[in-house]
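Presented below is the structure to which this report refers.
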Amino acid sequence: MTYDVARVRGLIPSLGDGWIHLDPQSGMLVPDSVSRAVSTAFRTSSFSHVGRNGAAVRSAAILDAAREAVADLVGGDPAGVVLGPDRAVLLAWLAESLSSRLGLGTGIVLSRLDDEANVAPWLRIANRHGAHVRWAEVEIETCEMPSWQFEELIGPTARLVALTAASPIVGSAPGVRVAADRVHEVGGLLVADAFGASPYALIDIDDLNADVVALSGPAWGGPQIGALVFRDPAFLDRIPSMSLNPYAKGAERLEVGGHQYALLAGLTTSIDFLAGLDDRAQGTRRERLELSITSLQDYHDQLFEHLMEVLGKVPNLTVIGRASTRIPTVSFTVAGMQAEKVAAKLADNRIGTVSGVHGGSRLLDALGVNDEGGAVTIGLAPYTTKFEIDQLGRALTALD
């Protein structure tokens with residue numbers, strides 16, 4: 001049995017709007033089960049998980065379930081799962097907490113592939129404490145990030161490496177494990193941003209050897225919730241607390257303010273939805289995730305190959321980068337036409353894409369693409385079909 005995209009599409013009501021959604025970077029469409037979980041939890045939970053009344057007990061159960069679901073998503077420990085309103089917010093708090101590790105003579109390694117959520121917080125604390133910042137660069141032609149450079153970039157004074165698991169702009173997937181192994185040799189940490197990689201790959205925090213993995217619910221059709229997963233939960237008690245609770249322990253030390261329990265209920269359901277993308281999946285949630293995401297990858301491999309064939313036939317269109325290890329996301333330019341205009345023309349055909357990146361893109365700046373009018377970014381989703389890719393090709397060919 002092959003991946004049943006028709007069954008998956010039937011579980012997402014918003015696909016009935018008549019649009020072709022090739023903009024998962026803005027958030028994948030929300031399954032009906034997630035919406036219902038959020039609605040139910042809003043009616044039955046409390047604004048606190050502390051207390052003995054029924055609503056508070058239900059909130060506590062929702063919080064525990066969300067930690068377990070996120071842990072299953074990356075093969076981690078629920079005790080190491082930090083939850084909050086957004087991955088960017090959580091990464092900012094993490095940077096503040098780890099800032100005590102920096103000072104004159106120390107260093108941070110950042111990546112041109114990363115978006116601002118995993119760049120700006122580290123730049124702020126580096127500037128504040130006088131730490132040296134070095135950049136992992138990409139090859140212009142392919143947008144691949146050569147792993148050999150980590151040996152040179154990560155020296156004895158390096159305290160932290162922040163690196164994406166996959167670029168949500170050009171799709172390139174750098175060698176996170178290589179960078180992690182190197183920075184651990186010198187006693188540093190690696191923070192991996194998995195926003196672009198999920199749900200395209202089965203993320204394993206041990207295989208990555210990352211100390212922290214950052215996640216975002218909207219990346220796979222979940223609610224606006226972010227998460228940090230610590231490979232060693234005990235590390236949370238060894239770093240300065242950001243919590244307003246002076247007695248906070250473990251994950252709560254990086255959780256500032258209260259939780260949105262209804263959204264957390266939706267987060268758990270969204271991960272269960274991922275685990276059920278292949279209706280043959282059985283066993284534990286982690287086992288079901290493995291089968292479902294593998295099935296989705298096989299489907300996307302064929303669909304992405306077709307997408308590249310379609311784009312290759314469009315006059316004056318240039319694909320940015322062709323990394324050999326990647327996720328099914330791609331950016332392109334059309335000669336003589338601003339990216340915003342291309343996106344607007346596609347929108348006239350009810351095709352949703354991303355033109356430009358909120359807050360800018362250091363990668364597109366470095367490649368000189370933004371100087372020439374920017375790029376349009378598209379990506380596949382669990383509900384994307386071959387017919388939709390063909391429609392995209394026809395719309396692009398008709399551009400004037």
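Naming works like this for the structure tokens: A, B, ... for the chains as they're shown, residue 1 at the start of each chain, ligands 1 onward in shown order.
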Hey, what's within 9 Å of Leu263 in chain A if we count only C-alpha atoms and toss same-chain stuff fewer than 2 positions away? As a ChimeraX atom specification, please?
/A:34,37-39,41-42,222-225,259-261,265-268
Those same residues - N, CA and C atoms - I'd like them written as a tab-separated table (two decimals), in the first residue's frame.
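Saved result, selection_39.tsv, follows:
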chain	number	residue	atom	x	y	z
A	34	VAL	N	-7.11	18.30	15.47
A	34	VAL	CA	-6.38	19.27	16.29
A	34	VAL	C	-7.32	20.40	16.72
A	37	ALA	N	-9.57	19.12	19.42
A	37	ALA	CA	-8.88	18.94	20.69
A	37	ALA	C	-8.71	20.28	21.41
A	38	VAL	N	-8.35	21.32	20.67
A	38	VAL	CA	-8.19	22.65	21.26
A	38	VAL	C	-9.53	23.14	21.81
A	39	SER	N	-10.59	23.00	21.02
A	39	SER	CA	-11.92	23.47	21.44
A	39	SER	C	-12.38	22.76	22.71
A	41	ALA	N	-10.51	21.27	25.00
A	41	ALA	CA	-9.68	21.63	26.15
A	41	ALA	C	-9.99	23.03	26.65
A	42	PHE	N	-10.36	23.93	25.77
A	42	PHE	CA	-10.75	25.28	26.20
A	42	PHE	C	-11.97	25.20	27.13
A	222	GLY	N	0.40	21.83	13.83
A	222	GLY	CA	0.00	21.98	15.22
A	222	GLY	C	-0.28	23.44	15.55
A	223	PRO	N	-0.72	23.71	16.77
A	223	PRO	CA	-1.01	25.09	17.19
A	223	PRO	C	0.27	25.87	17.45
A	224	GLN	N	0.10	27.16	17.73
A	224	GLN	CA	1.24	28.05	17.94
A	224	GLN	C	1.87	27.77	19.31
A	225	ILE	N	2.66	26.71	19.35
A	225	ILE	CA	3.39	26.29	20.55
A	225	ILE	C	4.81	25.95	20.14
A	259	HIS	N	0.90	28.48	30.90
A	259	HIS	CA	0.74	27.69	29.67
A	259	HIS	C	-0.64	27.92	29.06
A	260	GLN	N	-0.71	27.73	27.75
A	260	GLN	CA	-1.98	27.71	27.04
A	260	GLN	C	-2.40	26.24	26.92
A	261	TYR	N	-3.16	25.76	27.90
A	261	TYR	CA	-3.43	24.32	27.98
A	261	TYR	C	-4.25	23.81	26.81
A	265	ALA	N	-3.09	20.79	24.30
A	265	ALA	CA	-3.90	19.62	23.93
A	265	ALA	C	-3.87	19.43	22.42
A	266	GLY	N	-3.94	20.53	21.68
A	266	GLY	CA	-3.85	20.45	20.23
A	266	GLY	C	-2.49	20.00	19.76
A	267	LEU	N	-1.44	20.40	20.49
A	267	LEU	CA	-0.08	19.98	20.13
A	267	LEU	C	0.04	18.46	20.20
A	268	THR	N	-0.45	17.87	21.28
A	268	THR	CA	-0.41	16.41	21.42
A	268	THR	C	-1.16	15.74	20.28
Sorted per-residue table, range 202-314 of chain A near range 154-171 of chain A, closest atoms and distance, 12 Å, only C-alpha atoms, as a tab-separated table:
residue	atom	partner	partner_atom	distance
A:Leu202	CA	A:Ala165	CA	11.3
A:Ile203	CA	A:Ala165	CA	9.0
A:Asp204	CA	A:Ala165	CA	11.0
A:Ile205	CA	A:Ala165	CA	10.9
A:Asp207	CA	A:Ala165	CA	11.9
A:Leu208	CA	A:Ala165	CA	8.8
A:Asn209	CA	A:Ala165	CA	11.7
A:Ala210	CA	A:Leu163	CA	9.6
A:Asp211	CA	A:Leu160	CA	10.0
A:Val212	CA	A:Ala162	CA	9.6
A:Val213	CA	A:Ala165	CA	9.1
A:Ala214	CA	A:Thr164	CA	9.2
A:Leu215	CA	A:Ala165	CA	10.6
A:Ala219	CA	A:Pro168	CA	9.9
A:Phe304	CA	A:Gly171	CA	11.4
Write out as number ranges by chain which residues come within 12 Å of Leu102 in chain A when counting only C-alpha atoms, dropping same-chain ones fewer than 4 positions away.
A: 95-98, 106-108, 122-133, 157-160, 188-189
Given the choices A:Cys143, A:Ala92, A:Ala79, A:Ile20, which gets closest to Ala347 in chain A if the distance is worked out from only C-alpha atoms?
A:Ile20
Can you pull out every residue within 9 Å of range 12-16 of chain A, counting only C-alpha atoms, but drop anything in the same chain fewer than 6 positions away, and send it as a list of chain:residue names?
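Within the cut-off, the hits are A:Leu29, A:Val30, A:Pro31, A:Asp32, A:Ser33, A:Tyr383.
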Include all heavy atoms and write out the residues we just selected as an mmCIF file, in the first residue's frame.
data_model
loop_
_atom_site.group_PDB
_atom_site.id
_atom_site.type_symbol
_atom_site.label_atom_id
_atom_site.label_comp_id
_atom_site.auth_asym_id
_atom_site.auth_seq_id
_atom_site.Cartn_x
_atom_site.Cartn_y
_atom_site.Cartn_z
ATOM 1 N N LEU A 29 -1.403 23.381 7.220
ATOM 2 C CA LEU A 29 -2.824 23.433 7.541
ATOM 3 C C LEU A 29 -3.141 22.529 8.729
ATOM 4 O O LEU A 29 -2.526 21.475 8.911
ATOM 5 C CB LEU A 29 -3.647 23.014 6.327
ATOM 6 C CG LEU A 29 -3.465 23.887 5.074
ATOM 7 C CD1 LEU A 29 -4.407 23.418 3.971
ATOM 8 C CD2 LEU A 29 -3.717 25.358 5.386
ATOM 9 N N VAL A 30 -4.131 22.953 9.507
ATOM 10 C CA VAL A 30 -4.449 22.278 10.771
ATOM 11 C C VAL A 30 -5.490 21.176 10.552
ATOM 12 O O VAL A 30 -6.572 21.435 10.001
ATOM 13 C CB VAL A 30 -4.986 23.301 11.797
ATOM 14 C CG1 VAL A 30 -5.380 22.612 13.095
ATOM 15 C CG2 VAL A 30 -3.929 24.380 12.054
ATOM 16 N N PRO A 31 -5.203 19.955 10.962
ATOM 17 C CA PRO A 31 -6.185 18.872 10.856
ATOM 18 C C PRO A 31 -7.407 19.133 11.741
ATOM 19 O O PRO A 31 -7.321 19.826 12.762
ATOM 20 C CB PRO A 31 -5.412 17.640 11.348
ATOM 21 C CG PRO A 31 -3.970 18.008 11.220
ATOM 22 C CD PRO A 31 -3.904 19.484 11.465
ATOM 23 N N ASP A 32 -8.527 18.553 11.359
ATOM 24 C CA ASP A 32 -9.758 18.736 12.115
ATOM 25 C C ASP A 32 -9.619 18.215 13.545
ATOM 26 O O ASP A 32 -10.153 18.801 14.488
ATOM 27 C CB ASP A 32 -10.910 18.016 11.404
ATOM 28 C CG ASP A 32 -12.250 18.242 12.086
ATOM 29 O OD1 ASP A 32 -12.625 19.412 12.273
ATOM 30 O OD2 ASP A 32 -12.908 17.251 12.453
ATOM 31 N N SER A 33 -8.894 17.116 13.717
ATOM 32 C CA SER A 33 -8.735 16.538 15.057
ATOM 33 C C SER A 33 -8.032 17.499 16.000
ATOM 34 O O SER A 33 -8.335 17.554 17.197
ATOM 35 C CB SER A 33 -7.947 15.228 14.978
ATOM 36 O OG SER A 33 -6.663 15.438 14.396
ATOM 37 N N TYR A 383 -0.239 16.875 2.435
ATOM 38 C CA TYR A 383 -1.462 16.878 1.643
ATOM 39 C C TYR A 383 -1.235 17.358 0.200
ATOM 40 O O TYR A 383 -2.174 17.532 -0.550
ATOM 41 C CB TYR A 383 -2.520 17.762 2.306
ATOM 42 C CG TYR A 383 -1.960 19.053 2.881
ATOM 43 C CD1 TYR A 383 -1.672 20.147 2.067
ATOM 44 C CD2 TYR A 383 -1.704 19.159 4.244
ATOM 45 C CE1 TYR A 383 -1.149 21.315 2.586
ATOM 46 C CE2 TYR A 383 -1.169 20.329 4.779
ATOM 47 C CZ TYR A 383 -0.898 21.399 3.953
ATOM 48 O OH TYR A 383 -0.373 22.543 4.474
#
Just how far from CA of Asp371 in chain A is CA of Pro174 in chain A, in Å to one decimal?
25.2 Å
DSSP on the backbone, helix (DSSP H, G or I) only: what residues of range 34-234 of chain A does that give? Format it as a PyMOL selection string.
chain A and resi 34-44+54-74+78-80+87-101+116-118+120-129+149-153+176-185+205-208+217-220+233-234
Using DSSP on the backbone coordinates, identify the residues of range 187-255 of chain A assigned to strand (DSSP E); present them as a PyMOL selection string.
chain A and resi 189-193+212-216+226-230
